[in-house]
file my_file-v9.cif (mmCIF, C-alpha atoms)
data_coords
loop_
_atom_site.label_atom_id
_atom_site.label_comp_id
_atom_site.auth_asym_id
_atom_site.auth_seq_id
_atom_site.Cartn_x
_atom_site.Cartn_y
_atom_site.Cartn_z
CA MET A 1 -12.02 -39.44 46.62
CA ASN A 2 -15.44 -37.89 46.09
CA ARG A 3 -17.02 -37.41 42.68
CA LEU A 4 -16.52 -33.63 42.65
CA GLY A 5 -12.79 -33.99 43.25
CA LEU A 6 -12.46 -36.58 40.49
CA ILE A 7 -14.21 -34.29 38.03
CA GLY A 8 -11.85 -31.48 39.03
CA ILE A 9 -8.77 -33.63 38.38
CA ILE A 10 -10.10 -34.72 34.96
CA PHE A 11 -10.77 -31.07 34.09
CA VAL A 12 -7.24 -30.03 35.03
CA ILE A 13 -5.74 -32.89 32.98
CA ALA A 14 -7.86 -31.90 29.97
CA VAL A 15 -6.85 -28.24 30.24
CA VAL A 16 -3.14 -29.06 30.61
CA GLY A 17 -3.30 -31.57 27.75
CA GLY A 18 -5.06 -29.06 25.52
CA PHE A 19 -2.49 -26.41 26.39
CA PHE A 20 0.38 -28.64 25.30
CA LEU A 21 -1.41 -29.66 22.09
CA LEU A 22 -2.09 -26.02 21.24
CA ASN A 23 1.50 -25.04 21.95
CA ASN A 24 2.74 -27.88 19.75
CA TYR A 25 0.44 -26.78 16.90
CA ILE A 26 1.61 -23.15 17.16
CA TYR A 27 5.23 -24.30 17.28
CA GLU A 28 4.82 -26.39 14.13
CA GLU A 29 3.05 -23.53 12.34
CA LYS A 30 5.98 -21.21 13.10
CA GLN A 31 8.80 -23.70 12.67
CA GLY A 32 7.48 -25.74 9.73
CA VAL A 33 7.46 -29.50 9.27
CA ALA A 34 10.48 -31.77 8.88
CA ASP A 35 9.16 -33.49 5.72
CA TYR A 36 7.40 -31.56 2.96
CA ARG A 37 5.25 -34.63 2.29
CA ASN A 38 3.57 -33.65 5.57
CA LEU A 39 3.16 -30.05 4.43
CA THR A 40 0.20 -27.78 5.20
CA PHE A 41 -0.81 -25.50 2.32
CA MET A 42 -3.90 -23.71 1.03
CA ILE A 43 -6.28 -24.72 -1.76
CA ALA A 44 -9.15 -22.33 -2.55
CA GLY A 45 -8.75 -20.65 0.84
CA GLU A 46 -8.89 -23.91 2.83
CA PRO A 47 -5.90 -25.51 4.59
CA VAL A 48 -4.81 -28.96 3.42
CA THR A 49 -2.42 -31.03 5.53
CA LEU A 50 -0.67 -34.02 3.99
CA VAL A 51 0.27 -37.03 6.10
CA ASP A 52 2.81 -39.17 4.26
CA GLY A 53 1.73 -37.41 1.09
CA VAL A 54 -2.05 -37.85 1.46
CA SER A 55 -4.93 -35.83 2.90
CA GLU A 56 -8.42 -37.32 3.21
CA VAL A 57 -11.25 -35.22 4.63
CA PRO A 58 -15.06 -35.17 4.29
CA ALA A 59 -16.28 -33.33 1.18
CA PRO A 60 -17.60 -29.77 1.73
CA ASP A 61 -21.16 -30.82 0.77
CA GLY A 62 -21.38 -33.00 3.87
CA GLY A 63 -22.19 -36.16 1.89
CA ALA A 64 -20.54 -39.54 1.99
CA SER A 65 -17.82 -38.59 -0.49
CA LYS A 66 -14.37 -37.41 0.57
CA THR A 67 -11.89 -34.86 -0.72
CA ILE A 68 -8.59 -36.66 -1.29
CA THR A 69 -5.41 -34.69 -1.96
CA ARG A 70 -2.26 -36.58 -2.95
CA TYR A 71 1.36 -35.71 -3.49
CA PHE A 72 2.02 -36.29 -7.21
CA GLY A 73 5.64 -35.24 -7.62
CA ASN A 74 7.30 -33.50 -10.59
CA GLU A 75 9.49 -31.58 -8.16
CA ALA A 76 11.68 -28.61 -9.01
CA GLU A 77 14.14 -26.83 -6.71
CA GLY A 78 14.89 -23.10 -6.54
CA ASP A 79 14.96 -20.09 -4.23
CA LEU A 80 11.34 -18.88 -4.37
CA ASN A 81 11.46 -16.12 -1.75
CA GLY A 82 14.97 -14.73 -2.19
CA ASP A 83 16.43 -15.86 1.16
CA ALA A 84 19.26 -17.84 -0.48
CA ILE A 85 17.79 -21.12 0.83
CA PRO A 86 16.61 -23.62 -1.80
CA ASP A 87 12.87 -24.28 -1.81
CA ILE A 88 10.83 -26.93 -3.61
CA VAL A 89 7.71 -26.92 -5.75
CA PHE A 90 5.71 -30.03 -6.60
CA LEU A 91 2.35 -31.11 -7.96
CA VAL A 92 -0.58 -32.49 -6.00
CA THR A 93 -3.88 -33.92 -7.21
CA GLN A 94 -7.28 -33.42 -5.62
CA GLU A 95 -10.46 -35.45 -6.12
CA SER A 96 -13.83 -34.85 -4.47
CA GLY A 97 -16.01 -37.75 -5.55
CA GLY A 98 -16.73 -36.55 -9.11
CA SER A 99 -14.96 -37.44 -12.33
CA GLY A 100 -12.44 -34.59 -12.10
CA THR A 101 -8.82 -34.90 -11.01
CA PHE A 102 -7.45 -31.42 -10.41
CA PHE A 103 -3.71 -30.76 -10.51
CA TYR A 104 -2.17 -27.99 -8.40
CA LEU A 105 1.34 -26.61 -7.97
CA VAL A 106 2.42 -26.18 -4.33
CA GLY A 107 5.48 -24.44 -2.94
CA ALA A 108 7.41 -25.73 0.08
CA LEU A 109 9.54 -22.93 1.55
CA GLN A 110 12.58 -24.14 3.44
CA THR A 111 13.51 -22.43 6.72
CA PRO A 112 17.09 -21.97 8.03
CA ALA A 113 16.37 -24.93 10.32
CA GLY A 114 15.69 -27.20 7.34
CA THR A 115 11.93 -27.41 7.93
CA TRP A 116 9.18 -26.53 5.45
CA ASN A 117 6.23 -24.13 5.24
CA GLY A 118 3.53 -24.28 2.57
CA THR A 119 2.22 -21.70 0.12
CA HIS A 120 -1.15 -21.20 -1.53
CA ALA A 121 -1.59 -23.80 -4.27
CA VAL A 122 -2.26 -22.69 -7.84
CA LEU A 123 -4.60 -24.68 -10.10
CA ILE A 124 -2.95 -26.08 -13.24
CA GLY A 125 -5.91 -27.94 -14.75
CA ASP A 126 -8.37 -30.84 -14.66
CA ARG A 127 -7.27 -34.27 -15.92
CA ILE A 128 -4.18 -32.91 -17.62
CA ALA A 129 -1.06 -34.94 -18.43
CA PRO A 130 1.87 -33.43 -16.47
CA GLN A 131 5.28 -33.57 -18.13
CA THR A 132 8.03 -31.70 -16.25
CA THR A 133 8.37 -28.82 -13.78
CA GLU A 134 11.32 -26.42 -14.03
CA TYR A 135 12.77 -23.54 -12.03
CA ARG A 136 14.39 -20.93 -14.29
CA GLU A 137 15.48 -17.37 -13.42
CA GLY A 138 12.95 -16.95 -10.63
CA LEU A 139 10.06 -18.55 -12.52
CA MET A 140 8.35 -21.91 -12.08
CA ILE A 141 7.52 -23.51 -15.43
CA VAL A 142 4.95 -26.28 -15.45
CA ASN A 143 4.94 -28.27 -18.70
CA TYR A 144 1.91 -30.44 -19.43
CA ALA A 145 -0.50 -31.63 -22.11
CA GLU A 146 -4.17 -30.67 -22.28
CA ARG A 147 -7.06 -31.25 -24.66
CA ALA A 148 -7.62 -29.20 -27.78
CA PRO A 149 -10.48 -26.66 -27.62
CA GLY A 150 -13.83 -28.39 -28.04
CA GLU A 151 -12.55 -31.87 -27.20
CA PRO A 152 -14.45 -33.83 -24.52
CA MET A 153 -12.83 -34.43 -21.15
CA THR A 154 -12.65 -38.13 -22.05
CA ALA A 155 -10.17 -37.37 -24.86
CA GLN A 156 -6.47 -38.01 -24.28
CA PRO A 157 -4.54 -34.75 -23.62
CA SER A 158 -2.41 -34.07 -26.69
CA VAL A 159 -1.73 -30.31 -26.84
CA GLY A 160 1.50 -29.24 -25.14
CA LYS A 161 1.43 -26.19 -22.88
CA SER A 162 3.82 -24.41 -20.51
CA LEU A 163 2.56 -22.36 -17.58
CA TYR A 164 5.00 -19.72 -16.24
CA LEU A 165 4.48 -18.79 -12.59
CA LYS A 166 6.14 -16.40 -10.17
CA TYR A 167 5.93 -16.57 -6.38
CA ASP A 168 4.89 -13.46 -4.42
CA PRO A 169 6.24 -13.56 -0.82
CA VAL A 170 3.79 -10.84 0.29
CA THR A 171 0.64 -12.82 -0.58
CA ASN A 172 2.27 -16.27 -0.39
CA GLN A 173 0.70 -17.00 -3.79
CA PHE A 174 1.80 -17.79 -7.33
CA GLY A 175 0.82 -15.56 -10.25
CA GLU A 176 1.00 -16.32 -13.95
CA VAL A 177 3.60 -14.54 -16.06
CA VAL A 178 2.39 -14.17 -19.65
CA GLN A 179 5.08 -14.78 -22.27
CA ASN A 180 5.53 -12.58 -25.32
CA PHE A 181 6.12 -14.18 -28.69
CA GLU A 182 9.89 -14.09 -28.18
CA GLY A 183 9.50 -16.27 -25.10
CA GLU A 184 10.47 -13.59 -22.59
CA SER A 185 8.59 -12.78 -19.41
CA ALA A 186 6.47 -9.85 -20.48
CA TYR A 187 3.34 -9.25 -18.43
CA GLU A 188 3.06 -10.47 -14.87
CA THR A 189 -0.32 -11.62 -13.58
CA LYS A 190 -1.22 -11.11 -9.93
CA CYS A 191 -4.30 -12.28 -8.04
CA HIS A 192 -6.22 -10.94 -5.05
CA ASP A 193 -8.60 -13.36 -3.32
CA GLY A 194 -11.26 -11.48 -1.33
CA ALA A 195 -14.41 -12.47 0.50
CA GLU A 196 -16.77 -11.79 -2.41
CA TYR A 197 -14.54 -11.19 -5.42
CA PHE A 198 -11.50 -12.77 -7.05
CA THR A 199 -9.44 -10.18 -8.91
CA VAL A 200 -6.76 -10.83 -11.53
CA THR A 201 -4.46 -8.03 -12.73
CA ARG A 202 -2.19 -8.20 -15.76
CA GLY A 203 0.62 -5.74 -16.36
CA ARG A 204 1.02 -3.99 -19.69
CA ALA A 205 4.10 -3.35 -21.80
CA ASP A 206 3.88 0.41 -21.18
CA VAL A 207 1.92 1.65 -18.14
CA GLY A 208 -1.07 0.55 -16.11
CA GLU A 209 -2.63 -2.88 -15.87
CA ASP A 210 -5.70 -4.73 -17.07
CA ILE A 211 -8.06 -5.60 -14.21
CA LEU A 212 -10.44 -8.58 -14.22
CA VAL A 213 -12.96 -9.01 -11.38
CA LYS A 214 -14.88 -12.25 -10.85
CA GLU A 215 -17.75 -12.52 -8.38
CA LYS A 216 -17.03 -15.63 -6.31
CA LEU A 217 -19.40 -18.59 -6.36
CA PRO A 218 -19.59 -21.23 -3.58
CA GLY A 219 -17.35 -24.23 -4.15
CA VAL A 220 -15.60 -22.77 -7.20
CA THR A 221 -11.80 -22.66 -7.40
CA TYR A 222 -10.39 -19.70 -9.31
CA PRO A 223 -6.97 -20.17 -10.96
CA CYS A 224 -4.60 -17.22 -11.02
CA ARG A 225 -5.00 -16.64 -14.76
CA TYR A 226 -6.34 -13.75 -16.80
CA THR A 227 -9.21 -15.65 -18.44
CA VAL A 228 -12.42 -13.71 -19.09
CA SER A 229 -15.69 -15.54 -18.47
CA GLU A 230 -19.31 -14.51 -18.87
CA GLY A 231 -20.36 -12.08 -16.14
CA ASP A 232 -16.83 -10.92 -15.32
CA ILE A 233 -15.96 -7.23 -15.04
CA GLN A 234 -12.93 -6.19 -17.09
CA LEU A 235 -11.24 -2.78 -16.98
CA THR A 236 -8.87 -2.30 -19.92
CA ASN A 237 -9.05 1.40 -20.76
CA GLY A 238 -5.37 1.76 -21.62
CA ASN A 239 -4.76 4.41 -18.93
CA ALA A 240 -2.10 4.24 -16.21
CA THR A 241 -4.59 2.66 -13.79
CA TYR A 242 -3.72 0.10 -11.12
CA TYR A 243 -5.65 -2.11 -8.69
CA PHE A 244 -5.41 -0.95 -5.08
CA ASP A 245 -8.11 -2.74 -3.05
CA ILE A 246 -11.73 -3.92 -2.90
CA GLU A 247 -14.04 -2.89 -0.08
CA GLY A 248 -17.51 -4.42 -0.28
CA HIS A 249 -18.68 -3.93 -3.87
CA PHE A 250 -16.35 -0.98 -4.45
CA LEU A 251 -13.12 -1.34 -6.41
CA VAL A 252 -10.46 1.17 -5.31
CA LEU A 253 -8.09 2.22 -8.10
CA ASP A 254 -4.82 4.16 -8.22
CA SER A 255 -3.69 6.00 -11.34
CA GLY A 256 -0.75 8.04 -12.58
CA THR A 257 2.79 7.87 -13.89
CA ALA A 258 4.37 10.32 -11.43
CA PRO A 259 4.97 10.38 -7.67
CA HIS A 260 2.15 11.37 -5.30
CA PRO A 261 -0.30 13.00 -5.32
CA ARG A 262 -1.84 10.49 -7.72
CA GLY A 263 -5.31 9.75 -8.99
CA LEU A 264 -7.89 7.93 -6.86
CA ALA A 265 -10.99 6.36 -8.39
CA ILE A 266 -13.87 4.29 -7.00
CA TYR A 267 -15.57 1.81 -9.31
CA ASP A 268 -18.97 0.42 -8.22
CA LEU A 269 -19.00 -3.29 -9.12
CA ASP A 270 -22.79 -3.49 -8.76
CA LYS A 271 -23.45 -0.52 -11.07
CA ARG A 272 -20.44 -1.36 -13.25
CA LYS A 273 -19.28 2.21 -13.52
CA GLU A 274 -16.87 4.69 -11.98
CA VAL A 275 -18.63 6.69 -9.26
CA TYR A 276 -15.90 8.82 -7.66
CA THR A 277 -12.54 10.41 -8.54
CA ASP A 278 -10.06 12.54 -6.60
CA LYS A 279 -6.35 13.13 -6.00
CA TYR A 280 -4.66 11.48 -3.01
CA ASN A 281 -1.41 11.17 -1.11
CA THR A 282 -0.24 8.43 1.21
CA PRO A 283 -0.79 6.92 3.66
CA ILE A 284 -4.14 5.65 2.45
CA GLU A 285 -6.31 3.16 4.37
CA VAL A 286 -9.26 1.14 3.05
CA ALA A 287 -11.36 -0.46 5.79
CA ASN A 288 -14.85 -0.71 7.26
CA GLY A 289 -16.58 0.81 4.25
CA THR A 290 -14.33 3.87 4.10
CA VAL A 291 -11.22 5.19 2.37
CA THR A 292 -9.05 7.53 4.44
CA TYR A 293 -6.34 9.53 2.69
CA TRP A 294 -4.60 12.90 2.34
CA GLN A 295 -6.39 15.16 -0.14
CA PRO A 296 -4.54 18.05 -1.85
CA ILE A 297 -6.31 21.39 -1.36
CA ALA A 298 -5.88 24.84 -2.93
CA THR A 299 -4.56 26.62 0.18
CA LYS A 300 -1.61 28.86 -0.69
CA VAL A 301 1.69 27.57 0.66
CA ASP A 302 3.79 29.87 2.86
CA ALA A 303 6.41 29.59 5.60
CA LYS A 304 3.71 29.55 8.29
CA ASN A 305 1.73 26.53 7.09
CA CYS A 306 4.79 24.81 5.60
CA PRO A 307 7.81 25.07 7.96
CA LYS A 308 10.04 23.11 5.53
CA LEU A 309 9.17 25.26 2.50
CA SER A 310 12.62 26.85 2.25
CA GLU A 311 14.25 23.42 2.54
CA TYR A 312 12.08 22.07 -0.27
CA THR A 313 12.70 25.02 -2.59
CA ALA A 314 16.45 24.88 -1.96
CA GLN A 315 16.37 21.35 -3.34
CA GLY A 316 14.42 22.45 -6.41
CA LEU A 317 11.18 20.93 -5.12
CA GLY A 318 7.73 22.32 -4.54
CA ALA A 319 5.16 21.95 -1.76
CA GLY A 320 1.41 21.63 -1.33
CA ILE A 321 -1.14 21.65 1.47
CA GLU A 322 -3.25 18.56 2.12
CA ARG A 323 -6.10 17.75 4.46
CA HIS A 324 -6.84 14.36 5.99
CA VAL A 325 -10.26 13.07 4.88
CA THR A 326 -12.43 9.99 5.15
CA LEU A 327 -14.62 8.94 2.22
CA THR A 328 -17.69 6.88 3.13
CA LEU A 329 -18.24 4.52 0.22
CA SER A 330 -21.97 3.98 0.76
CA THR A 331 -22.70 7.72 0.39
CA LEU A 332 -19.56 8.86 -1.50
CA LYS A 333 -19.32 11.79 0.91
CA ILE A 334 -16.09 13.14 2.41
CA ALA A 335 -15.58 14.11 6.04
CA PRO A 336 -12.39 15.98 7.04
CA THR A 337 -10.66 14.63 10.16
CA GLY A 338 -9.41 18.11 11.06
CA GLU A 339 -5.76 17.46 10.25
CA GLU A 340 -3.77 19.37 7.63
CA ARG A 341 -0.15 19.08 6.55
CA CYS A 342 2.40 20.40 4.07
CA SER A 343 3.78 17.80 1.68
CA VAL A 344 6.71 17.94 -0.72
CA ARG A 345 6.07 17.99 -4.49
CA GLN A 346 8.37 16.89 -7.31
#
call {"tool": "encode", "arguments": {"input": "my_file-v9.cif", "output": "structure tokens"}}
result
Amino acid sequence: MNRLGLIGIIFVIAVVGGFFLLNNYIYEEKQGVADYRNLTFMIAGEPVTLVDGVSEVPAPDGGASKTITRYFGNEAEGDLNGDAIPDIVFLVTQESGGSGTFFYLVGALQTPAGTWNGTHAVLIGDRIAPQTTEYREGLMIVNYAERAPGEPMTAQPSVGKSLYLKYDPVTNQFGEVVQNFEGESAYETKCHDGAEYFTVTRGRADVGEDILVKEKLPGVTYPCRYTVSEGDIQLTNGNATYYFDIEGHFLVLDSGTAPHPRGLAIYDLDKRKEVYTDKYNTPIEVANGTVTYWQPIATKVDAKNCPKLSEYTAQGLGAGIERHVTLTLSTLKIAPTGEERCSVRQ
């Protein structure tokens, strides 16, 4: 056989082998793993895959140190995602060559086939003393001891603490649930991890939510907790305002206590001030530096521009005319798309 033919055979073998490896990887990603001690989950946006409970990879700085993640235990069982199949949460530790030992809670979601898929891990703390982990009425409760404020990291953890967490199937993440002084779940915390910003929202007892925006720094892990640090942006005006999205350095906010149309506001994170307000109706899309939505306009409603007007009024409802517009965030200018519609009003 000549050299060219041999090279061709080797190439075909490599392609076929790669195809089967890729298919096996995709299959495992969809089907899950048979043992959750071999789970793949996310820490700070990076995948971690345990093999017999351990992951060992080069540290992100490219030095000689390694990032070692270990299964720690403290398991608790419960149905995290509401599919009537019991899931498991457990703690892992992660070390990266320094003095810190970071503890995380990880969820292992069980499939109907009895295999497991991982969640995003949530940071519990550095060099804490874990006690127990519980599942109670849809919440994960991590009990541990930490140091008193002002104590050095070398001090023995002695202050008991319980962290209440709730799993969000949409984001595949855990959020903190703040307890009121009667011990009931009062204000749920949710987190949104973007390219440049990490946002934490905290519900209020009445309406609206507090919004905390942190500009992300390289190599920093942000726990899903409403903890204000120097340089953070915090919106707590008491109004019925809610986080919607972040596009570039613009925070998109929704507001109101009634059905649509609702309030739309744009907050410039660089200038730290609100730069745009309007009314909007759904669907709304935030992408590529723009916000596209349906904008109510003052056009008088009649049977010609609103064919369902009589149907709405017979039900005791109203109607309004809206135009489809695109807001360019860099200029804060609106461009109509040319579409108009009649929408029901309550």
call {"tool": "resolve_selection", "arguments": {"input": "my_file-v9.cif", "expression": "the PyMOL selection byres ((chain A and resi 292) around 10)", "output": "PDB file with C-alpha atoms, in the frame of the given file"}}
result
ATOM      1  CA  TYR A 280      -4.660  11.480  -3.010  1.00  0.00           C
ATOM      2  CA  THR A 282      -0.240   8.430   1.210  1.00  0.00           C
ATOM      3  CA  PRO A 283      -0.790   6.920   3.660  1.00  0.00           C
ATOM      4  CA  ILE A 284      -4.140   5.650   2.450  1.00  0.00           C
ATOM      5  CA  GLU A 285      -6.310   3.160   4.370  1.00  0.00           C
ATOM      6  CA  VAL A 286      -9.260   1.140   3.050  1.00  0.00           C
ATOM      7  CA  ALA A 287     -11.360  -0.460   5.790  1.00  0.00           C
ATOM      8  CA  THR A 290     -14.330   3.870   4.100  1.00  0.00           C
ATOM      9  CA  VAL A 291     -11.220   5.190   2.370  1.00  0.00           C
ATOM     10  CA  TYR A 293      -6.340   9.530   2.690  1.00  0.00           C
ATOM     11  CA  TRP A 294      -4.600  12.900   2.340  1.00  0.00           C
ATOM     12  CA  GLN A 295      -6.390  15.160  -0.140  1.00  0.00           C
ATOM     13  CA  HIS A 324      -6.840  14.360   5.990  1.00  0.00           C
ATOM     14  CA  VAL A 325     -10.260  13.070   4.880  1.00  0.00           C
ATOM     15  CA  THR A 326     -12.430   9.990   5.150  1.00  0.00           C
ATOM     16  CA  LEU A 327     -14.620   8.940   2.220  1.00  0.00           C
ATOM     17  CA  THR A 328     -17.690   6.880   3.130  1.00  0.00           C
ATOM     18  CA  ILE A 334     -16.090  13.140   2.410  1.00  0.00           C
ATOM     19  CA  ALA A 335     -15.580  14.110   6.040  1.00  0.00           C
ATOM     20  CA  PRO A 336     -12.390  15.980   7.040  1.00  0.00           C
ATOM     21  CA  THR A 337     -10.660  14.630  10.160  1.00  0.00           C
TER      22      THR A 337
END
call {"tool": "closest_residue", "arguments": {"input": "my_file-v9.cif", "among": "A:Thr277, A:Gln156, A:Tyr226, A:Leu217", "to": "Glu188 of chain A", "atoms": "all atoms listed in the file"}}
result
A:Tyr226
call {"tool": "atom_distance", "arguments": {"input": "my_file-v9.cif", "atom1": "atom CA of Glu311 of chain A", "atom2": "atom CA of Ser343 of chain A"}}
result
11.9 Å
call {"tool": "atom_distance", "arguments": {"input": "my_file-v9.cif", "atom1": "atom CA of Arg225 of chain A", "atom2": "atom CA of Phe198 of chain A"}}
result
10.8 Å
call {"tool": "residues_around", "arguments": {"input": "my_file-v9.cif", "residues": "Lys161 of chain A", "least_positions_apart": "4", "cutoff": "7 Å", "atoms": "only C-alpha atoms", "output": "ChimeraX atom specification"}}
result
/A:143-145
call {"tool": "resolve_selection", "arguments": {"input": "my_file-v9.cif", "expression": "the PyMOL selection byres ((chain A and resi 222) around 9)", "output": "number ranges by chain"}}
result
A: 44, 122-123, 193, 198, 214, 216, 220-221, 223-225
call {"tool": "write_last_selection", "arguments": {"input": "my_file-v9.cif", "atoms": "C-alpha atoms", "output": "PDB file, keeping the file's coordinate frame"}}
result
ATOM      1  CA  ALA A  44      -9.150 -22.330  -2.550  1.00  0.00           C
ATOM      2  CA  VAL A 122      -2.260 -22.690  -7.840  1.00  0.00           C
ATOM      3  CA  LEU A 123      -4.600 -24.680 -10.100  1.00  0.00           C
ATOM      4  CA  ASP A 193      -8.600 -13.360  -3.320  1.00  0.00           C
ATOM      5  CA  PHE A 198     -11.500 -12.770  -7.050  1.00  0.00           C
ATOM      6  CA  LYS A 214     -14.880 -12.250 -10.850  1.00  0.00           C
ATOM      7  CA  LYS A 216     -17.030 -15.630  -6.310  1.00  0.00           C
ATOM      8  CA  VAL A 220     -15.600 -22.770  -7.200  1.00  0.00           C
ATOM      9  CA  THR A 221     -11.800 -22.660  -7.400  1.00  0.00           C
ATOM     10  CA  PRO A 223      -6.970 -20.170 -10.960  1.00  0.00           C
ATOM     11  CA  CYS A 224      -4.600 -17.220 -11.020  1.00  0.00           C
ATOM     12  CA  ARG A 225      -5.000 -16.640 -14.760  1.00  0.00           C
TER      13      ARG A 225
END
call {"tool": "closest_residue", "arguments": {"input": "my_file-v9.cif", "among": "A:Gly125, A:Gly231, A:Gly203, A:Gly289", "to": "Leu91 of chain A", "atoms": "all atoms listed in the file"}}
result
A:Gly125
call {"tool": "closest_residue", "arguments": {"input": "my_file-v9.cif", "among": "A:Pro218, A:Ala113, A:Val213, A:Cys342", "to": "Arg272 of chain A", "atoms": "all atoms listed in the file"}}
result
A:Val213
call {"tool": "atom_distance", "arguments": {"input": "my_file-v9.cif", "atom1": "atom CA of Ile43 of chain A", "atom2": "atom CA of Leu165 of chain A"}}
result
16.4 Å
call {"tool": "resolve_selection", "arguments": {"input": "my_file-v9.cif", "expression": "the PyMOL selection byres ((chain A and resi 49) around 7)", "output": "VMD selection string"}}
result
chain A and resid 38 to 41 47 to 48 50 to 51 55
call {"tool": "residues_around", "arguments": {"input": "my_file-v9.cif", "residues": "Asp210 of chain A", "least_positions_apart": "3", "cutoff": "12 Å", "atoms": "all atoms listed in the file", "output": "ChimeraX atom specification"}}
result
/A:187-191,199-207,213,226-228,233-243,253
call {"tool": "closest_residue", "arguments": {"input": "my_file-v9.cif", "among": "A:Gly45, A:Pro169, A:Gly150, A:Thr93", "to": "Asp79 of chain A", "atoms": "only C-alpha atoms"}}
result
A:Pro169
call {"tool": "closest_residue", "arguments": {"input": "my_file-v9.cif", "among": "A:Ala258, A:Ser99, A:Ser330, A:Gly316", "to": "Val275 of chain A", "atoms": "all atoms listed in the file"}}
result
A:Ser330
